[in-house]
$ cat entry.txt   # compact mmCIF, C-alpha atoms
# COMPACT_ATOMS: atom_id res chain seq x y z
CA MET A 203 66.24 124.61 113.74
CA ASP A 204 68.90 125.68 111.26
CA ILE A 205 72.44 125.98 112.54
CA ASP A 206 74.40 129.21 112.04
CA LEU A 207 77.21 128.39 109.61
CA ALA A 208 78.65 131.93 109.55
CA PRO A 209 81.23 131.34 112.35
CA LEU A 210 82.66 128.33 110.49
CA VAL A 211 82.69 130.22 107.20
CA ASP A 212 84.52 133.12 108.84
CA ARG A 213 87.18 130.70 110.07
CA PHE A 214 87.59 129.26 106.58
CA ARG A 215 87.74 132.80 105.14
CA GLU A 216 90.70 133.53 107.43
CA THR A 217 92.39 130.33 106.27
CA HIS A 218 91.77 131.35 102.65
CA SER A 219 93.59 134.65 103.26
CA LYS A 220 96.52 132.84 104.89
CA VAL A 221 96.79 130.42 101.95
CA GLU A 222 96.77 133.32 99.48
CA ARG A 223 99.56 135.04 101.39
CA GLU A 224 101.64 131.86 101.44
CA LEU A 225 101.07 131.30 97.72
CA ALA A 226 102.46 134.77 97.09
CA ASP A 227 105.64 133.96 99.05
CA PRO A 228 108.57 133.38 96.61
CA ALA A 229 110.04 130.84 99.03
CA VAL A 230 107.16 128.47 98.30
CA PHE A 231 107.87 128.39 94.55
CA GLY A 232 110.84 126.06 95.04
CA ASN A 233 108.78 123.51 97.00
CA ARG A 234 106.64 121.79 94.39
CA GLN A 235 104.83 119.50 96.82
CA ARG A 236 103.88 122.39 99.12
CA LEU A 237 102.83 124.49 96.16
CA GLU A 238 100.50 121.74 94.90
CA THR A 239 99.01 121.28 98.38
CA LEU A 240 98.39 125.01 98.75
CA GLY A 241 96.92 125.16 95.25
CA ARG A 242 94.40 122.42 96.03
CA GLU A 243 93.48 124.04 99.35
CA HIS A 244 93.06 127.45 97.71
CA GLN A 245 90.81 125.96 95.04
CA ARG A 246 88.63 124.23 97.66
CA LEU A 247 88.35 127.31 99.87
CA SER A 248 87.60 129.58 96.91
CA ALA A 249 84.82 127.23 95.82
CA LEU A 250 83.38 127.27 99.36
CA LEU A 251 83.37 131.07 99.60
CA LYS A 252 81.83 131.40 96.14
CA LEU A 253 79.03 128.99 97.11
CA TRP A 254 78.51 130.80 100.41
CA ASP A 255 78.11 134.18 98.69
CA GLN A 256 75.75 132.61 96.15
CA TRP A 257 73.66 131.08 98.96
CA GLN A 258 73.52 134.39 100.85
CA ARG A 259 72.25 136.19 97.74
CA GLN A 260 69.69 133.46 97.17
CA GLN A 261 68.49 133.71 100.80
CA ALA A 262 68.06 137.46 100.37
CA GLU A 263 65.93 136.84 97.25
CA LEU A 264 63.84 134.31 99.17
CA ALA A 265 63.26 136.75 102.04
CA GLY A 266 62.20 139.42 99.54
CA ALA A 267 59.77 137.05 97.83
CA GLN A 268 58.25 136.01 101.18
CA GLU A 269 57.82 139.66 102.17
CA LEU A 270 56.18 140.39 98.83
CA LEU A 271 53.81 137.45 99.29
CA ALA A 272 52.78 138.65 102.76
CA GLY A 273 51.57 141.97 101.33
CA GLU A 274 50.00 140.65 98.11
CA LYS A 275 46.20 140.22 97.91
CA ASP A 276 45.71 139.25 94.24
CA PRO A 277 45.23 135.41 94.03
CA GLU A 278 46.86 135.04 90.61
CA PHE A 279 49.93 137.07 91.55
CA ARG A 280 50.15 135.20 94.89
CA ALA A 281 50.27 131.91 92.95
CA VAL A 282 53.15 133.23 90.83
CA ILE A 283 55.06 134.35 93.94
CA GLU A 284 54.43 131.04 95.70
CA GLY A 285 55.87 129.17 92.71
CA GLU A 286 58.95 131.39 92.80
CA ILE A 287 59.34 130.78 96.55
CA ALA A 288 59.15 127.01 96.06
CA THR A 289 61.91 127.20 93.43
CA LEU A 290 64.06 129.42 95.65
CA GLU A 291 63.62 127.05 98.61
CA ARG A 292 64.73 124.05 96.54
CA THR A 293 67.75 125.98 95.26
CA GLY A 294 68.54 127.14 98.79
CA THR A 295 68.47 123.60 100.15
CA ARG A 296 70.84 122.43 97.43
CA LEU A 297 73.25 125.32 97.98
CA GLN A 298 73.18 124.85 101.75
CA THR A 299 74.01 121.14 101.36
CA GLN A 300 76.93 122.00 99.08
CA VAL A 301 78.23 124.62 101.53
CA MET A 302 77.97 122.17 104.42
CA GLY A 303 79.88 119.60 102.39
CA TYR A 304 82.82 121.99 102.06
CA LEU A 305 82.69 122.93 105.76
CA VAL A 306 82.80 119.34 107.01
CA PRO A 307 86.38 118.32 107.87
CA GLU A 308 87.85 116.13 105.16
CA ALA A 309 88.52 112.51 106.06
CA ASP A 310 92.17 111.53 106.30
CA TYR A 311 91.47 108.54 104.05
CA ASP A 312 89.67 110.45 101.28
CA THR A 313 91.80 109.76 98.20
CA GLY A 314 88.98 110.31 95.71
CA SER A 315 88.68 106.58 95.08
CA VAL A 316 86.65 103.75 96.63
CA ILE A 317 86.26 100.03 96.08
CA ILE A 318 82.68 98.76 96.28
CA GLU A 319 82.36 95.14 97.38
CA ILE A 320 78.95 93.45 97.05
CA ARG A 321 78.11 89.93 98.25
CA PRO A 322 74.80 88.07 98.54
CA ALA A 323 74.10 87.01 102.14
CA ALA A 324 70.84 85.28 103.13
CA GLY A 325 68.39 84.27 100.43
CA GLY A 326 70.19 82.09 97.90
CA ASP A 327 69.49 82.87 94.23
CA GLU A 328 67.26 85.82 95.10
CA ALA A 329 70.07 87.49 97.08
CA ALA A 330 72.49 86.89 94.20
CA LEU A 331 70.04 88.47 91.75
CA PHE A 332 69.59 91.54 93.94
CA ALA A 333 73.37 91.84 94.32
CA ALA A 334 73.55 92.20 90.53
CA GLU A 335 70.80 94.84 90.60
CA LEU A 336 72.61 96.85 93.29
CA LEU A 337 75.82 96.72 91.25
CA ARG A 338 73.95 98.08 88.24
CA ALA A 339 72.39 100.87 90.36
CA TYR A 340 75.75 102.03 91.72
CA MET A 341 77.38 101.85 88.30
CA ARG A 342 74.62 103.91 86.69
CA TYR A 343 74.74 106.46 89.51
CA ALA A 344 78.52 106.73 89.12
CA GLU A 345 78.15 107.28 85.38
CA THR A 346 75.74 110.18 85.96
CA ARG A 347 78.38 111.77 88.23
CA GLY A 348 81.10 111.34 85.62
CA TRP A 349 83.15 109.00 87.79
CA LYS A 350 85.58 106.44 86.38
CA LEU A 351 84.66 102.76 86.82
CA GLU A 352 86.94 99.73 86.81
CA LEU A 353 85.71 96.18 87.45
CA LEU A 354 88.35 94.51 89.63
CA GLU A 355 86.72 91.16 90.32
CA LYS A 356 83.38 89.62 89.40
CA GLU A 357 82.03 86.13 90.00
CA ASP A 358 78.66 85.39 88.43
CA SER A 359 76.05 83.02 89.85
CA ASP A 360 73.34 81.03 88.15
CA LEU A 361 70.26 82.87 86.83
CA GLY A 362 72.26 86.02 86.10
CA GLY A 363 73.11 86.93 89.70
CA LEU A 364 76.40 87.63 91.47
CA ARG A 365 78.39 85.67 94.00
CA HIS A 366 80.90 88.45 94.54
CA VAL A 367 82.00 91.68 92.89
CA MET A 368 84.58 94.40 93.55
CA LEU A 369 84.33 97.66 91.63
CA SER A 370 86.73 100.62 91.72
CA VAL A 371 85.11 104.07 91.48
CA VAL A 372 87.25 107.20 91.08
CA GLY A 373 86.02 110.79 91.05
CA GLU A 374 85.43 114.05 92.86
CA GLY A 375 83.38 113.55 96.03
CA VAL A 376 83.08 109.79 95.61
CA VAL A 377 84.07 108.90 99.19
CA ARG A 378 81.63 111.30 100.83
CA ALA A 379 78.83 110.33 98.46
CA LEU A 380 79.13 106.58 98.97
CA GLU A 381 80.63 106.09 102.44
CA ARG A 382 77.19 105.67 104.03
CA GLU A 383 76.19 102.83 101.69
CA SER A 384 78.12 100.21 103.67
CA GLY A 385 75.98 97.66 105.49
CA VAL A 386 73.25 95.09 104.95
CA HIS A 387 70.63 95.86 102.28
CA ARG A 388 67.44 93.85 102.74
CA VAL A 389 65.13 93.14 99.80
CA GLN A 390 61.48 92.08 100.09
CA ARG A 391 59.69 90.88 96.95
CA VAL A 392 58.06 87.93 95.25
CA PRO A 393 60.80 86.01 93.39
CA VAL A 394 60.26 85.13 89.75
CA THR A 395 60.66 81.47 90.69
CA GLU A 396 58.02 81.67 93.45
CA GLY A 397 54.77 80.22 92.17
CA SER A 398 52.65 80.91 95.26
CA GLY A 399 53.22 84.67 95.22
CA ARG A 400 54.80 84.63 98.69
CA ILE A 401 57.03 87.60 99.55
CA HIS A 402 60.61 86.49 100.05
CA THR A 403 63.18 88.35 102.22
CA SER A 404 66.86 88.19 101.38
CA THR A 405 69.94 90.26 102.17
CA VAL A 406 73.03 91.59 100.42
CA THR A 407 76.11 93.09 102.06
CA VAL A 408 77.78 96.20 100.67
CA ALA A 409 81.20 97.44 101.73
CA ILE A 410 82.49 100.85 100.62
CA MET A 411 86.25 100.85 101.12
CA PRO A 412 88.31 104.00 100.48
CA GLU A 413 91.12 102.92 98.18
CA PRO A 414 94.44 103.98 99.70
CA ARG A 415 97.53 104.92 97.76
CA GLU A 416 100.49 102.59 97.99
CA VAL A 417 102.24 104.97 100.40
CA ASP A 418 99.16 105.08 102.68
CA VAL A 419 99.10 101.34 103.40
CA GLN A 420 102.44 99.60 103.12
CA ILE A 421 102.55 95.82 102.82
CA ASN A 422 105.59 93.73 103.63
CA PRO A 423 106.01 91.14 100.84
CA ALA A 424 107.31 88.69 103.46
CA ASP A 425 103.83 88.74 105.07
CA LEU A 426 102.16 87.42 101.92
CA ASP A 427 101.41 83.88 100.80
CA ILE A 428 100.79 84.02 97.05
CA THR A 429 99.57 81.16 94.91
CA VAL A 430 98.74 81.13 91.22
CA CYS A 431 96.44 78.83 89.30
CA ARG A 432 94.42 78.68 86.12
CA ALA A 433 91.36 80.88 85.94
CA SER A 434 88.00 79.13 86.19
CA GLY A 435 84.51 79.91 84.97
CA ALA A 436 83.19 81.54 81.82
CA GLY A 437 85.76 83.45 79.82
CA GLY A 438 86.19 81.96 76.37
CA GLN A 439 89.38 80.62 74.87
CA HIS A 440 91.70 82.34 77.38
CA VAL A 441 90.33 80.46 80.41
CA ASN A 442 92.47 77.54 81.70
CA LYS A 443 95.25 78.24 79.17
CA THR A 444 97.72 79.87 81.59
CA ASP A 445 98.24 80.19 85.34
CA SER A 446 96.93 83.75 85.49
CA ALA A 447 94.66 83.69 88.59
CA VAL A 448 96.25 85.00 91.80
CA ARG A 449 95.30 84.18 95.41
CA MET A 450 96.90 86.26 98.15
CA VAL A 451 96.86 85.66 101.92
CA HIS A 452 98.01 88.41 104.30
CA ARG A 453 99.20 86.39 107.31
CA PRO A 454 99.16 89.16 110.00
CA SER A 455 95.50 90.04 109.36
CA GLY A 456 94.21 86.77 107.90
CA ILE A 457 92.71 88.65 104.94
CA VAL A 458 92.41 86.63 101.73
CA VAL A 459 91.95 88.19 98.29
CA ALA A 460 91.94 86.68 94.82
CA SER A 461 91.82 87.98 91.27
CA GLN A 462 91.26 86.23 87.99
CA GLN A 463 89.62 89.12 86.15
CA GLU A 464 92.54 89.76 83.79
CA ARG A 465 94.42 87.45 81.42
CA SER A 466 97.78 88.59 82.81
CA GLN A 467 99.12 87.16 86.08
CA ILE A 468 101.00 90.42 86.69
CA ARG A 469 97.81 92.44 86.26
CA ASN A 470 95.86 90.12 88.58
CA ARG A 471 98.60 90.45 91.17
CA GLU A 472 98.31 94.27 91.00
CA ILE A 473 94.52 94.06 91.41
CA ALA A 474 94.86 91.68 94.37
CA LEU A 475 97.25 94.10 96.08
CA ARG A 476 94.81 96.98 95.54
CA MET A 477 91.99 94.96 97.09
CA LEU A 478 94.21 93.93 100.01
CA ARG A 479 95.25 97.53 100.74
CA ALA A 480 91.59 98.62 100.71
CA LYS A 481 90.61 95.81 103.11
CA LEU A 482 93.50 96.65 105.45
CA LEU A 483 92.45 100.31 105.52
CA GLU A 484 88.82 99.30 106.10
CA MET A 485 89.96 97.18 109.05
CA LYS A 486 91.85 100.15 110.50
CA ILE A 487 88.85 102.47 110.06
CA GLN A 488 86.51 99.95 111.72
CA GLU A 489 88.90 99.60 114.66
CA GLU A 490 88.97 103.39 115.12
CA THR A 491 85.18 103.56 114.79
CA SER A 492 84.71 100.94 117.50
CA LYS A 493 87.26 102.65 119.76
CA TYR A 494 85.42 105.98 119.69
CA ALA A 495 81.86 104.68 119.30
CA ALA A 496 80.85 105.79 122.80
CA GLN A 497 82.06 109.32 122.06
CA ARG A 498 80.11 109.51 118.78
CA LYS A 499 76.56 108.91 120.01
CA SER A 500 75.21 111.65 117.74
CA GLN A 501 76.35 109.80 114.64
CA VAL A 502 73.64 107.68 113.08
CA GLY A 503 74.99 104.27 112.15
CA THR A 504 78.56 103.04 112.05
CA GLY A 505 78.72 102.11 108.38
CA ASP A 506 79.73 98.58 109.34
CA ARG A 507 78.76 95.96 106.77
CA SER A 508 77.09 93.86 109.53
CA GLU A 509 74.56 96.63 110.24
CA ARG A 510 71.18 96.50 108.46
CA ILE A 511 70.88 99.92 106.91
CA ARG A 512 68.23 99.77 104.20
CA THR A 513 65.15 97.82 103.09
CA TRP A 514 64.03 97.63 99.46
CA ASN A 515 60.33 96.74 99.59
CA PHE A 516 59.10 95.96 96.07
CA PRO A 517 55.37 95.37 96.80
CA GLN A 518 55.10 98.81 98.42
CA ASN A 519 57.53 100.54 96.01
CA ARG A 520 59.35 101.83 99.09
CA VAL A 521 63.00 102.12 100.07
CA THR A 522 63.64 102.80 103.77
CA ASP A 523 66.89 103.82 105.42
CA HIS A 524 66.67 102.57 109.01
CA ARG A 525 69.49 104.74 110.38
CA TYR A 526 68.01 108.06 109.34
CA GLY A 527 64.29 107.26 109.36
CA LEU A 528 63.95 108.23 105.69
CA SER A 529 61.78 106.62 103.00
CA TRP A 530 61.48 107.06 99.24
CA HIS A 531 58.85 105.77 96.82
CA ASN A 532 60.89 105.50 93.64
CA LEU A 533 62.31 101.99 93.93
CA PRO A 534 62.50 101.20 90.17
CA GLY A 535 64.18 104.53 89.46
CA MET A 536 66.67 104.04 92.27
CA LEU A 537 67.68 100.67 90.86
CA GLU A 538 68.32 102.50 87.58
CA GLY A 539 70.83 104.74 89.35
CA GLU A 540 68.54 107.59 90.47
CA LEU A 541 70.19 107.84 93.89
CA ASP A 542 70.70 111.60 94.12
CA ASP A 543 67.80 112.18 96.54
CA VAL A 544 68.91 109.33 98.79
CA ILE A 545 72.55 110.33 98.97
CA ASP A 546 71.87 114.09 99.17
CA GLN A 547 69.42 113.73 102.06
CA ILE A 548 71.70 111.39 103.99
CA GLN A 549 74.68 113.66 103.37
CA ALA A 550 72.73 116.68 104.60
CA ILE A 551 71.86 114.97 107.90
CA ASP A 552 75.39 113.64 108.36
CA HIS A 553 76.97 117.01 107.54
CA ARG A 554 74.65 118.77 109.98
CA GLN A 555 75.66 116.41 112.78
CA ARG A 556 79.37 116.88 112.07
CA LEU A 557 79.08 120.65 111.81
CA GLU A 558 77.16 120.89 115.09
CA ALA A 559 80.09 119.07 116.69
CA GLU A 560 82.56 121.47 115.04
CA LEU A 561 80.62 124.55 116.20
CA LYS A 562 80.75 123.31 119.80
CA LYS A 563 84.55 123.48 119.56
CA LEU A 564 84.53 127.19 118.65
$ encode --input "entry.txt" --output "structure tokens"
Amino acid sequence: MDIDLAPLVDRFRETHSKVERELADPAVFGNRQRLETLGREHQRLSALLKLWDQWQRQQAELAGAQELLAGEKDPEFRAVIEGEIATLERTGTRLQTQVMGYLVPEADYDTGSVIIEIRPAAGGDEAALFAAELLRAYMRYAETRGWKLELLEKEDSDLGGLRHVMLSVVGEGVVRALERESGVHRVQRVPVTEGSGRIHTSTVTVAIMPEPREVDVQINPADLDITVCRASGAGGQHVNKTDSAVRMVHRPSGIVVASQQERSQIRNREIALRMLRAKLLEMKIQEETSKYAAQRKSQVGTGDRSERIRTWNFPQNRVTDHRYGLSWHNLPGMLEGELDDVIDQIQAIDHRQRLEAELKKL
């Protein structure tokens, strides 16, 4: 049964009016930081109310079309109306999902930037190969959304696979779109190297870490053990010429990060600090998730990287998300970055659960 979003929208409409009144206050003009905050909030609330009005008009059109269909006897005209209804229903679902996205409380750690970390787990070369395919899928999906990509660290394996990769993704809505991708991805297929045709099962871990700003996660330099060495691996004439690779140990947490992606030691140090901040924030989020897990029974899945979330079954051309009970039969397309259906459906379920919790507070 659909939930009634009108009470939440009415509350946001009141907030929109308050923000507009504050923006008109001359006293705010001298406070640049407050003015920028109010401007962003006004833009978000205006977008929500515009989408809501658009959805309400669309729902009225749908109701009119359904009423027209109920009284129509001509088969040809009924077919035309049914086609229009199908289009209106698809549009309505999309608009509803967008509205729900604006109504869901924003996460405190949503900075518009994430770091994706992918590692092969069980399965040897086959896991490493699938890790590379997942990286490609996420990169292609990000490109279709117009997000900015930056490769922070990448270690290749034999046969064209990956041992480890960390990718920065920056853009509007990136945290909410990707936050549910964290966990164990299982792949079932016949490896190219398997002569008997036996289906092989391997796993890859994905971590989606919101990338904090420097002020969000402060690191005491005295807590760091930093060593430098010469970069190793493929890289042409610049490899092993200078001590550019950086390894960083954060003693209080035991977290270890390393970067040799860039030729400059200074640049690698900056990248290592970014990765460390993201891992420290992820640790904090996981601690909070565990603390309140018993109070969040309605939430499907924790997003922890140790949780098996998805199976990619090549022989059956099926991708299954075990947390939400959803399946798709477009595996090749999804590995080419066609992840909109997956992410939109998961977001819709997650938003519904969060909004039901918010409505209970009213």
$ closest_residue --input "entry.txt" --among "A:Leu537, A:Ala447, A:Ser455, A:Ile205" --to "A:Met302" --atoms "only C-alpha atoms"
A:Ile205
$ residues_around --input "entry.txt" --residues "A:Ser461" --least-positions-apart "2" --cutoff "7 Å" --atoms "all atoms listed in the file" --output "ChimeraX atom specification"
/A:355,447-449,463,470,473-474
$ residues_around --input "entry.txt" --residues "A:Leu426" --least-positions-apart "2" --cutoff "12 Å" --atoms "all atoms listed in the file" --output "MDAnalysis selection string"
chainID A and resid 421:424 428:429 448:459 471 474:475 478
$ residues_around --input "entry.txt" --residues "A:Glu284" --least-positions-apart "6" --cutoff "9 Å" --atoms "only C-alpha atoms" --output "compact mmCIF listing (two decimals) with C-alpha atoms, in the coordinates of the input"
# COMPACT_ATOMS: atom_id res chain seq x y z
CA ALA A 267 59.77 137.05 97.83
CA GLN A 268 58.25 136.01 101.18
CA LEU A 271 53.81 137.45 99.29
$ atom_distance --input "entry.txt" --atom1 "atom CA of A:Glu509" --atom2 "atom CA of A:Ala329"
16.6 Å
$ residues_around --input "entry.txt" --residues "A:Leu364" --least-positions-apart "3" --cutoff "9 Å" --atoms "all atoms listed in the file" --output "short mmCIF file (atom, residue, chain, number, x, y, z; two decimals) with C-alpha atoms, in the frame of the given file"
data_model
loop_
_atom_site.label_atom_id
_atom_site.label_comp_id
_atom_site.auth_asym_id
_atom_site.auth_seq_id
_atom_site.Cartn_x
_atom_site.Cartn_y
_atom_site.Cartn_z
CA ILE A 320 78.95 93.45 97.05
CA ARG A 321 78.11 89.93 98.25
CA PRO A 322 74.80 88.07 98.54
CA ASP A 327 69.49 82.87 94.23
CA ALA A 329 70.07 87.49 97.08
CA ALA A 330 72.49 86.89 94.20
CA LEU A 331 70.04 88.47 91.75
CA PHE A 332 69.59 91.54 93.94
CA ALA A 333 73.37 91.84 94.32
CA ALA A 334 73.55 92.20 90.53
CA LYS A 356 83.38 89.62 89.40
CA GLU A 357 82.03 86.13 90.00
CA ASP A 358 78.66 85.39 88.43
CA SER A 359 76.05 83.02 89.85
CA ASP A 360 73.34 81.03 88.15
CA VAL A 367 82.00 91.68 92.89
#
$ closest_residue --input "entry.txt" --among "A:Gln488, A:Asn515, A:Gln420, A:Gln256" --to "A:Arg296" --atoms "all atoms listed in the file"
A:Gln256
$ residues_around --input "entry.txt" --residues "A:Thr313" --least-positions-apart "2" --cutoff "8 Å" --atoms "all atoms listed in the file" --output "tab-separated table (two decimals) with C-alpha atoms, in the coordinates of the input"
chain	number	residue	atom	x	y	z
A	311	TYR	CA	91.47	108.54	104.05
A	315	SER	CA	88.68	106.58	95.08
A	377	VAL	CA	84.07	108.90	99.19
A	412	PRO	CA	88.31	104.00	100.48
A	413	GLU	CA	91.12	102.92	98.18
A	414	PRO	CA	94.44	103.98	99.70
A	415	ARG	CA	97.53	104.92	97.76
$ closest_residue --input "entry.txt" --among "A:His244, A:Gln300, A:Gly373, A:Arg213" --to "A:Leu225" --atoms "all atoms listed in the file"
A:His244
$ atom_distance --input "entry.txt" --atom1 "atom CA of A:Asp425" --atom2 "atom CA of A:Glu489"
20.8 Å
$ closest_residue --input "entry.txt" --among "A:Arg347, A:Arg525, A:Lys562, A:Arg365" --to "A:Ala379" --atoms "all atoms listed in the file"
A:Arg347
